[in-house]
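A short worksheet on the structure shown next.
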Amino acid sequence: NKMRGLSNYRLSCCVNTLLQTLSATWEVSDLLEKADSHNVPLQLKRVLAAMRSDHLPQHVPHRDFLHCLDRNCVRRKGVQHDADEVFLSILNFVQQQMDDRALALEIQNLYKISVETHLQCLECDSVQTRTSYLLSLHLHLKEDHNSLAGCISSFLEDQELRGIDRCFCAKCGIKTPSKQGVKLLSLPRILCVHLKRFRNSRGYTRKLDCQVTFPETFDFSEIAREGFATDFAQCKYTLYAVVVHSGSAMCGHYTAYVRHRGNQGWYYADDSFIQNKWKIQQVNCSTSIYIFLHRLFPLS
């Protein structure tokens, strides 16, 4: 009933926090245990098993996993990573390097968000649709106060594309003004939400320190129905991990708040430092950058 700390090796705080969230995602560990793996999946299985073990030192040795990421071009030395890029890289390595394709697909499906994008020409009203999937929701933030429900609603709103953003219409044969939008077809067991705090403008990257509020239980029935497919099954999620980034866009530090599966208590993980029974209300809403939610049940 305790969390295990992870020592910081050469700016590994980003990977450390993601390992804490993966350790709390028990479905991933269970599926990895069933597979004979190599490369990143093997090292991930070993480090997650070590984080659950009662027979190792307090701080888990995870250098092999870090070196394995390095060999797969996720460089650590002197680099501040983007948590979303590293997380998606780990999932992609698991998908590509596992010998058991069925188990690899099961892990991917834990996070798979099915979406339909549509593009409507505003000249002839013809509509192009495409079905695809995401492994995390990338939510744009406003400069001032934000809520999780508001950010998701904004993500699902249609946008008009004019001027240089016009798209080619096959029916008109030219680039025309259009309206683009996305609908949710289905949501996964594990929902990852990336709060896009970093903005690029004229070659300069800055970080938004705006507030984002999010409840411990989130109900998708609170979102307008226009953003969902007609047969979408409404569902509830419970919060179980939050990745936090303190500092600036160019220099910062990652920590995490994680709910323990066994005792359901919240823990604060700052590399090898672990503090237990930390209330989730104490998360700094102006530095949260990645939110992980676990699906409770579909609503009737």
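Note on naming: chains are A, B, ... as they come in the structure tokens, residues start from 1 per chain, ligands start from 1 in the order shown.
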
Polymer residues at most 10 Å from stretch 163-165 of chain A, only C-alpha atoms, same-chain spacing of 2 or more positions, as a count of residues only: 8

Nearby residues (only C-alpha atoms) at most 12 Å from stretch 259-272 of chain A, same-chain spacing under 4 positions excluded, as a ChimeraX atom specification: /A:1-27,51-52,57-62,216,238-246,253-255,276-284,292-294

Atom CA of A:Phe228 to atom CA of A:Gln211, distance in Å rounded to a single decimal: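 That distance, rounded to one decimal, is 26.5 Å.
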
Residues within 8 Å of A:Lys179, only C-alpha atoms, excluding chain neighbours under 6 positions, as a PyMOL selection string: chain A and resi 119-122+158-161

Go ahead and write the residues just picked, C-alpha atoms, as a PDB file, in the first residue's frame.
ATOM      1  CA  LEU A 119     -15.124  19.135 -43.517  1.00  0.00           C
ATOM      2  CA  GLN A 120     -18.037  21.013 -45.081  1.00  0.00           C
ATOM      3  CA  CYS A 121     -17.562  23.320 -48.060  1.00  0.00           C
ATOM      4  CA  LEU A 122     -19.375  26.607 -47.420  1.00  0.00           C
ATOM      5  CA  ASP A 158     -16.903  23.550 -35.453  1.00  0.00           C
ATOM      6  CA  GLN A 159     -14.326  25.998 -36.823  1.00  0.00           C
ATOM      7  CA  GLU A 160     -14.555  28.051 -39.971  1.00  0.00           C
ATOM      8  CA  LEU A 161     -11.535  27.960 -42.262  1.00  0.00           C
TER       9      LEU A 161
END

Given only C-alpha atoms as the counted atoms, nearest of A:His118, A:Arg197, A:His81, A:Arg162 to A:His138: A:Arg197

Contacts of A:Val182 within 8 Å, only C-alpha atoms, excl. fewer than 5 positions in-chain, as a PyMOL selection string: chain A and resi 115-118+155-158+227

Those residues with N, CA and C atoms, as a compact mmCIF listing (two decimals), in the first residue's frame please?
# COMPACT_ATOMS: atom_id res chain seq x y z
N VAL A 115 -12.79 8.95 -33.34
CA VAL A 115 -13.38 10.24 -33.70
C VAL A 115 -13.74 10.25 -35.19
N GLU A 116 -14.68 11.11 -35.51
CA GLU A 116 -15.03 11.36 -36.91
C GLU A 116 -14.81 12.83 -37.19
N THR A 117 -13.95 13.14 -38.16
CA THR A 117 -13.74 14.53 -38.55
C THR A 117 -14.54 14.80 -39.82
N HIS A 118 -15.12 15.98 -39.89
CA HIS A 118 -15.90 16.35 -41.07
C HIS A 118 -15.49 17.73 -41.56
N PHE A 155 -13.12 21.87 -27.89
CA PHE A 155 -12.50 20.92 -28.80
C PHE A 155 -13.51 20.38 -29.82
N LEU A 156 -14.77 20.26 -29.39
CA LEU A 156 -15.80 19.67 -30.25
C LEU A 156 -16.55 20.71 -31.08
N GLU A 157 -16.25 21.99 -30.90
CA GLU A 157 -16.93 23.02 -31.68
C GLU A 157 -16.41 23.07 -33.11
N ASP A 158 -17.30 23.38 -34.06
CA ASP A 158 -16.90 23.55 -35.45
C ASP A 158 -16.09 24.84 -35.60
N GLY A 227 -21.58 17.23 -30.01
CA GLY A 227 -20.20 16.78 -30.18
C GLY A 227 -20.03 15.27 -30.22

Sel. of strand (DSSP E or B) residues, stretch 45-237 of chain A, as JSON, numbers by chain: {"A": [59, 60, 113, 114, 115, 116, 117, 118, 119, 120, 121, 127, 128, 129, 130, 131, 132, 133, 134, 137, 138, 139, 140, 146, 147, 159, 160, 161, 167, 168, 169, 174, 175, 176, 178, 179, 180, 181, 182, 183, 184, 185, 186, 190, 191, 192, 193, 194, 195, 196, 198, 199, 200, 201, 204, 205, 206, 207, 212, 213, 217, 218, 219, 228, 235, 236, 237]}

Closest of A:Ser248, A:Ser126, A:Asn200, A:Gln97 to A:Cys169 - atom-to-atom distances counting only C-alpha atoms: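 Distance minimum relative to A:Cys169 lands on A:Ser126.
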
Interatomic distance, atom CA of A:Leu48 to atom CA of A:Val28 (Å, one decimal):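 Atom CA of A:Leu48 sits 9.3 Å away from atom CA of A:Val28.
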
Atom CA of A:Val40 to atom CA of A:Tyr111, straight-line distance in Å: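 For atom CA of A:Tyr111 relative to atom CA of A:Val40, the distance reads 18.2 Å.
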
For A:Cys210, the nearest of the candidates A:Ser286, A:Gln180, A:Gln95, A:Ser186, counting only C-alpha atoms: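 Among the listed residues, the smallest separation from A:Cys210 belongs to A:Ser286.
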
Residue among A:Glu143, A:Asp84, A:Glu226, A:Glu33 lying closest to A:Arg199, counting only C-alpha atoms: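 Of all the options, A:Glu143 lies closest to A:Arg199.
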
Members of stretch 103-298 of chain A assigned alpha helix (DSSP H) by DSSP, as a PyMOL selection string: chain A and resi 103-111+148-156

Test item: residues at most 9 Å from A:Lys142, only C-alpha atoms, excluding those fewer than 3 positions along its chain, as an NGL selection string: :A and (145-146 or 151 or 208 or 210)

Please produce a file of those selected residues containing C-alpha atoms, as a tab-separated table (two decimals), in the first residue's frame.
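Output contents, as saved in out_1.tsv:
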chain	number	residue	atom	x	y	z
A	145	HIS	CA	-9.67	30.53	-16.36
A	146	ASN	CA	-10.57	27.14	-17.89
A	151	CYS	CA	-12.08	22.76	-22.88
A	208	LEU	CA	0.44	29.48	-20.16
A	210	CYS	CA	-3.79	29.85	-16.56
